[in-house]
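Next up, input_12.cif (mmCIF, C-alpha atoms and all ligand atoms):
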data_input
loop_
_atom_site.group_PDB
_atom_site.id
_atom_site.type_symbol
_atom_site.label_atom_id
_atom_site.label_comp_id
_atom_site.auth_asym_id
_atom_site.auth_seq_id
_atom_site.Cartn_x
_atom_site.Cartn_y
_atom_site.Cartn_z
ATOM 1 C CA MET A 425 -8.934 9.841 6.459
ATOM 2 C CA PRO A 426 -10.167 6.506 5.093
ATOM 3 C CA ALA A 427 -10.831 3.745 7.649
ATOM 4 C CA ARG A 428 -8.174 1.465 6.145
ATOM 5 C CA LEU A 429 -4.665 2.856 6.432
ATOM 6 C CA ASP A 430 -1.213 1.471 5.762
ATOM 7 C CA THR A 431 0.250 0.353 9.097
ATOM 8 C CA ARG A 432 3.850 -0.314 8.062
ATOM 9 C CA PRO A 433 6.433 0.719 10.685
ATOM 10 C CA MET A 434 7.518 4.366 10.447
ATOM 11 C CA CYS A 435 4.838 5.168 7.881
ATOM 12 C CA ILE A 436 2.624 8.049 9.035
ATOM 13 C CA PRO A 437 -0.584 9.140 7.283
ATOM 14 C CA VAL A 438 -0.452 12.941 7.165
ATOM 15 C CA ALA A 439 -2.863 14.223 4.516
ATOM 16 C CA LEU A 440 -5.343 13.441 1.791
ATOM 17 C CA ARG A 441 -4.277 14.092 -1.803
ATOM 18 C CA GLU A 442 -6.585 15.764 -4.331
ATOM 19 C CA ASP A 443 -7.505 12.323 -5.721
ATOM 20 C CA GLY A 444 -8.559 11.145 -2.249
ATOM 21 C CA SER A 445 -5.550 8.869 -1.701
ATOM 22 C CA VAL A 446 -3.576 9.116 1.529
ATOM 23 C CA HIS A 447 -0.210 10.862 1.600
ATOM 24 C CA TYR A 448 2.213 9.167 3.991
ATOM 25 C CA ARG A 449 5.394 10.414 5.613
ATOM 26 C CA ASP A 450 7.389 7.215 5.196
ATOM 27 C CA TYR A 451 10.529 7.525 7.315
ATOM 28 C CA ARG A 452 12.025 4.311 5.941
ATOM 29 C CA ALA A 453 11.681 5.364 2.307
ATOM 30 C CA VAL A 454 12.773 8.972 2.995
ATOM 31 C CA PRO A 455 14.638 9.197 6.310
ATOM 32 C CA HIS A 456 15.406 12.931 6.121
ATOM 33 C CA GLY A 457 13.072 15.768 5.289
ATOM 34 C CA LEU A 458 12.972 19.546 5.305
ATOM 35 C CA THR A 459 9.549 21.184 5.587
ATOM 36 C CA LEU A 460 9.457 24.480 3.715
ATOM 37 C CA GLY A 461 6.679 27.051 3.670
ATOM 38 C CA ALA A 462 5.812 30.685 4.256
ATOM 39 C CA THR A 463 5.207 31.903 7.804
ATOM 40 C CA GLU A 464 1.824 30.657 9.074
ATOM 41 C CA SER A 465 1.577 28.080 6.288
ATOM 42 C CA GLY A 466 1.278 25.175 8.723
ATOM 43 C CA LYS A 467 4.803 23.775 9.168
ATOM 44 C CA SER A 468 4.635 23.525 12.965
ATOM 45 C CA VAL A 469 1.144 22.033 12.903
ATOM 46 C CA TYR A 470 2.354 19.446 10.371
ATOM 47 C CA GLN A 471 5.219 18.608 12.717
ATOM 48 C CA ARG A 472 2.824 18.224 15.655
ATOM 49 C CA ASN A 473 0.737 15.871 13.535
ATOM 50 C CA LEU A 474 3.842 13.800 12.901
ATOM 51 C CA VAL A 475 4.464 13.580 16.672
ATOM 52 C CA ALA A 476 0.878 12.378 17.166
ATOM 53 C CA GLY A 477 1.130 9.980 14.204
ATOM 54 C CA LEU A 478 4.361 8.468 15.526
ATOM 55 C CA ALA A 479 2.811 7.785 18.954
ATOM 56 C CA PRO A 480 1.694 4.190 18.184
ATOM 57 C CA HIS A 481 5.048 3.347 16.577
ATOM 58 C CA HIS A 482 8.052 1.769 18.261
ATOM 59 C CA VAL A 483 10.269 4.814 18.000
ATOM 60 C CA ALA A 484 12.141 7.299 20.194
ATOM 61 C CA LEU A 485 11.416 10.976 19.590
ATOM 62 C CA VAL A 486 14.020 13.683 20.077
ATOM 63 C CA GLY A 487 13.099 17.342 19.666
ATOM 64 C CA ILE A 488 14.998 20.588 19.207
ATOM 65 C CA ASP A 489 13.027 23.802 19.475
ATOM 66 C CA CYS A 490 15.296 26.780 20.035
ATOM 67 C CA LYS A 491 12.342 29.164 20.053
ATOM 68 C CA GLN A 492 12.401 28.575 23.819
ATOM 69 C CA GLY A 493 10.356 25.434 23.261
ATOM 70 C CA VAL A 494 7.086 27.138 22.352
ATOM 71 C CA GLU A 495 6.210 24.611 19.649
ATOM 72 C CA LEU A 496 7.431 21.268 20.994
ATOM 73 C CA PHE A 497 7.405 21.628 24.802
ATOM 74 C CA PRO A 498 3.605 21.344 25.006
ATOM 75 C CA LEU A 499 4.206 17.813 23.652
ATOM 76 C CA ALA A 500 7.146 17.150 26.005
ATOM 77 C CA ARG A 501 5.728 13.893 27.370
ATOM 78 C CA ARG A 502 6.054 12.287 23.956
ATOM 79 C CA PHE A 503 9.790 13.021 23.727
ATOM 80 C CA SER A 504 12.724 11.052 25.106
ATOM 81 C CA ALA A 505 14.852 14.204 24.950
ATOM 82 C CA LEU A 506 14.024 17.789 24.179
ATOM 83 C CA ALA A 507 16.213 20.906 23.879
ATOM 84 C CA ASP A 508 14.856 24.450 24.019
ATOM 85 C CA ASN A 509 18.085 26.435 23.628
ATOM 86 C CA PRO A 510 21.254 26.237 21.497
ATOM 87 C CA ASP A 511 23.509 24.892 24.281
ATOM 88 C CA ALA A 512 21.131 22.048 25.100
ATOM 89 C CA ALA A 513 20.663 21.424 21.348
ATOM 90 C CA LEU A 514 24.406 21.058 20.879
ATOM 91 C CA GLU A 515 24.686 18.567 23.754
ATOM 92 C CA LEU A 516 21.742 16.623 22.369
ATOM 93 C CA LEU A 517 23.191 16.506 18.858
ATOM 94 C CA GLU A 518 26.544 15.345 20.225
ATOM 95 C CA ALA A 519 24.822 12.568 22.174
ATOM 96 C CA LEU A 520 22.970 11.574 18.997
ATOM 97 C CA VAL A 521 26.211 11.444 17.018
ATOM 98 C CA THR A 522 27.691 9.143 19.698
ATOM 99 C CA HIS A 523 24.579 6.961 19.495
ATOM 100 C CA MET A 524 24.796 6.919 15.684
ATOM 101 C CA GLU A 525 28.416 5.783 15.846
ATOM 102 C CA GLU A 526 27.488 2.940 18.200
ATOM 103 C CA VAL A 527 24.713 1.878 15.823
ATOM 104 C CA TYR A 528 27.152 1.866 12.888
ATOM 105 C CA GLN A 529 29.515 -0.313 14.943
ATOM 106 C CA LEU A 530 26.663 -2.720 15.647
ATOM 107 C CA ILE A 531 25.710 -2.886 11.958
ATOM 108 C CA ARG A 532 29.329 -3.463 11.019
ATOM 109 C CA ALA A 533 29.698 -6.251 13.584
ATOM 110 C CA GLU A 534 26.606 -7.944 12.166
ATOM 111 C CA GLN A 535 27.522 -7.736 8.491
ATOM 112 C CA ARG A 536 29.482 -11.010 8.435
ATOM 113 C CA ILE A 537 30.508 -10.524 4.827
ATOM 114 C CA SER A 538 31.743 -13.584 2.929
ATOM 115 C CA VAL A 539 31.951 -14.391 -0.778
ATOM 116 C CA ALA A 540 28.553 -16.063 -0.476
ATOM 117 C CA VAL A 541 26.790 -12.880 0.678
ATOM 118 C CA LEU A 542 25.160 -10.898 -2.110
ATOM 119 C CA ASP A 543 25.732 -7.132 -2.069
ATOM 120 C CA ALA A 544 22.027 -6.460 -1.604
ATOM 121 C CA GLU A 545 21.996 -8.652 1.519
ATOM 122 C CA ILE A 546 24.773 -6.840 3.367
ATOM 123 C CA ALA A 547 23.342 -5.039 6.406
ATOM 124 C CA ALA A 548 23.475 -1.302 5.748
ATOM 125 C CA ASP A 549 20.974 0.132 8.227
ATOM 126 C CA ILE A 550 19.083 -0.914 11.347
ATOM 127 C CA TRP A 551 16.249 -2.471 9.293
ATOM 128 C CA ASP A 552 18.681 -5.071 7.939
ATOM 129 C CA LEU A 553 19.474 -6.213 11.510
ATOM 130 C CA PRO A 554 17.630 -9.083 13.216
ATOM 131 C CA GLU A 555 14.704 -7.740 15.220
ATOM 132 C CA ASP A 556 16.079 -8.919 18.582
ATOM 133 C CA ILE A 557 19.183 -6.710 18.321
ATOM 134 C CA ARG A 558 17.743 -3.858 16.254
ATOM 135 C CA PRO A 559 18.139 -0.506 18.066
ATOM 136 C CA VAL A 560 15.011 1.577 18.554
ATOM 137 C CA PRO A 561 14.776 4.002 15.629
ATOM 138 C CA VAL A 562 15.228 7.634 16.641
ATOM 139 C CA VAL A 563 13.274 10.420 14.930
ATOM 140 C CA VAL A 564 14.771 13.878 15.426
ATOM 141 C CA LEU A 565 12.424 16.824 14.917
ATOM 142 C CA VAL A 566 13.815 20.354 14.674
ATOM 143 C CA ASP A 567 11.544 23.409 14.836
ATOM 144 C CA GLU A 568 13.075 25.331 13.292
ATOM 145 C CA VAL A 569 16.300 24.568 11.530
ATOM 146 C CA ALA A 570 17.117 28.254 10.866
ATOM 147 C CA GLU A 571 17.568 28.688 14.640
ATOM 148 C CA LEU A 572 20.469 26.213 14.483
ATOM 149 C CA ALA A 573 22.051 28.194 11.665
ATOM 150 C CA LEU A 574 21.866 31.333 13.824
ATOM 151 C CA TYR A 575 24.026 29.500 16.326
ATOM 152 C CA ALA A 576 26.738 29.018 13.726
ATOM 153 C CA THR A 577 28.102 32.554 13.925
ATOM 154 C CA LYS A 578 31.833 32.932 14.485
ATOM 155 C CA ASP A 579 31.405 33.999 18.141
ATOM 156 C CA GLU A 580 29.103 31.109 18.905
ATOM 157 C CA GLU A 581 31.446 28.727 17.126
ATOM 158 C CA LYS A 582 34.378 29.903 19.294
ATOM 159 C CA ARG A 583 32.263 29.563 22.447
ATOM 160 C CA ARG A 584 31.291 26.037 21.414
ATOM 161 C CA ASP A 585 34.904 25.090 20.741
ATOM 162 C CA ARG A 586 35.969 26.457 24.156
ATOM 163 C CA ARG A 587 33.297 24.345 25.846
ATOM 164 C CA ARG A 588 34.639 21.295 24.042
ATOM 165 C CA GLY A 589 38.186 22.084 25.211
ATOM 166 C CA ARG A 590 39.370 22.802 21.688
ATOM 167 C CA ARG A 591 41.446 25.712 20.553
ATOM 168 C CA PRO A 592 39.032 27.981 18.699
ATOM 169 C CA ARG A 593 39.634 28.060 14.956
ATOM 170 C CA ASP A 594 41.793 31.107 14.522
ATOM 171 C CA HIS A 595 41.752 32.797 11.178
ATOM 172 C CA GLY A 596 44.672 35.088 12.011
ATOM 173 C CA PRO A 597 48.406 34.255 12.385
ATOM 174 C CA THR A 598 49.383 31.567 14.908
ATOM 175 C CA PRO A 599 50.741 33.215 18.105
ATOM 176 C CA HIS A 600 54.359 32.336 18.975
ATOM 177 C CA ARG A 601 55.658 31.755 22.471
ATOM 178 C CA VAL A 602 58.672 33.929 23.311
HETATM 179 N N1 LIG A 701 -4.096 21.863 8.316
HETATM 180 C C1 LIG A 701 -4.542 22.990 8.892
HETATM 181 N N2 LIG A 701 -5.846 23.288 8.912
HETATM 182 C C2 LIG A 701 -6.292 24.425 9.487
HETATM 183 N N3 LIG A 701 -5.507 25.327 10.108
HETATM 184 C C3 LIG A 701 -4.193 25.075 10.134
HETATM 185 C C4 LIG A 701 -3.632 23.897 9.526
HETATM 186 N N4 LIG A 701 -2.277 23.939 9.689
HETATM 187 C C5 LIG A 701 -2.027 25.071 10.373
HETATM 188 N N5 LIG A 701 -3.154 25.756 10.651
HETATM 189 C C6 LIG A 701 -3.241 27.047 11.370
HETATM 190 O O1 LIG A 701 -2.405 27.990 10.679
HETATM 191 C C7 LIG A 701 -1.679 28.785 11.603
HETATM 192 C C8 LIG A 701 -0.187 28.709 11.312
HETATM 193 O O2 LIG A 701 0.271 27.379 11.511
HETATM 194 P P1 LIG A 701 1.760 27.062 11.939
HETATM 195 O O3 LIG A 701 1.903 25.573 11.873
HETATM 196 O O4 LIG A 701 2.099 27.718 13.238
HETATM 197 O O5 LIG A 701 2.588 27.757 10.758
HETATM 198 P P2 LIG A 701 4.173 27.862 10.525
HETATM 199 O O6 LIG A 701 4.876 26.984 11.510
HETATM 200 O O7 LIG A 701 4.376 27.429 9.090
HETATM 201 O O8 LIG A 701 4.511 29.306 10.700
HETATM 202 C C9 LIG A 701 -2.065 28.305 13.003
HETATM 203 O O9 LIG A 701 -3.024 29.181 13.540
HETATM 204 C C10 LIG A 701 -2.644 26.933 12.775
HETATM 205 O O10 LIG A 701 -3.619 26.619 13.736
HETATM 206 MG MG MG A 702 6.392 27.323 12.939
#
As structure tokens, what does this structure read like?
Amino acid sequence: MPARLDTRPMCIPVALREDGSVHYRDYRAVPHGLTLGATESGKSVYQRNLVAGLAPHHVALVGIDCKQGVELFPLARRFSALADNPDAALELLEALVTHMEEVYQLIRAEQRISVAVLDAEIAADIWDLPEDIRPVPVVVLVDEVAELALYATKDEEKRRDRRRGRRPRDHGPTPHRV
């Protein structure tokens, strides 16, 4: 890597391009990403590099590794929360959704829209908020996302709904009380 690197928040140098320039994983420009590759092509190592690269940044890391934690648990000290099985992953994702809703409420409360406010100046994400009230950005890493899809079988879905106190989605006729 060259000695001089971009140090913008949430911008992680991850590789050198063929022309010698640095390739960055810029979470502000591209918040979501899916890393695709054949088995043994380096996806998990890339993810570990992201964890290391995010270390100097003001960010909370959350990890989901349903392969019993083999990839992310060695880095557990870097994470604010880590799940190594589908049940823990579900709880973690639900907590993140609650957090996300609170952040949206905060953004909405801060928008203060009037006729004088230009569209482009309306707060739409945490980076538009003043620094003193801006929530800590959360980066969620999932190794690997296919493990979450495995959880979405009908049986697992019913089990999840039972745990949430919901009537499982029934695809048959509705039972009648007699
Ligand atoms: N950039 C790299 N340089 C050298 N070896 C690497 C690199 N990335 C991964 N590897 C090696 O390749 C193997 C597979 O990497 P891994 O990240 O586990 O693959 P995947 O998660 O895509 O199955 C590991 O032995 C790892 O040490
Ligand atoms: Mg892997």
Of the listed residues A:Leu520, A:Ala547, A:Met434, A:Ala533, that which approaches Val483 of chain A most closely, counting all atoms listed in the file: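 For Val483 of chain A, the nearest of the given residues is A:Met434.
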Surrounding residues of Arg558 of chain A excluding itself and chain neighbours under 6 positions, 10 Å, all atoms listed in the file, as an MDAnalysis selection string: chainID A and resid 527 530:531 549:552
Result set, the PyMOL selection byres (((chain A and resi 449-460) around 8) and not hetatm) on current file, as a PyMOL selection string: chain A and resi 434-438+447-448+461-462+467
Contacts to ligand LIG 701 (chain A) at 9 Å cut-off (all atoms listed in the file) as a VMD selection string: chain A and resid 439 459 to 472 495 567 to 568
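Distances to ligand MG 702 (chain A) were evaluated for A:Val486, A:Val521, A:Ala548, A:Leu496 using only C-alpha atoms and all ligand atoms, and the minimum falls at A:Leu496.
The space between atom CA of Ala476 of chain A and atom CA of Arg502 of chain A spans 8.5 Å.
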From A:Leu516, A:Thr522, A:Ser538, A:Gly493, residue lying nearest ligand MG 702 (chain A) [only C-alpha atoms and all ligand atoms]: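 Once distances to ligand MG 702 (chain A) are computed over only C-alpha atoms and all ligand atoms, the minimum belongs to A:Gly493.
Among the candidates A:Val560, A:Ile546, A:Leu572, A:Ala505, the residue lying nearest to Pro433 of chain A is A:Val560 (atoms considered: only C-alpha atoms).
Among the candidates A:Glu555, A:Asp489, A:Glu518, A:Glu545, the one nearest to ligand MG 702 (chain A) when counting only C-alpha atoms and all ligand atoms is A:Asp489.
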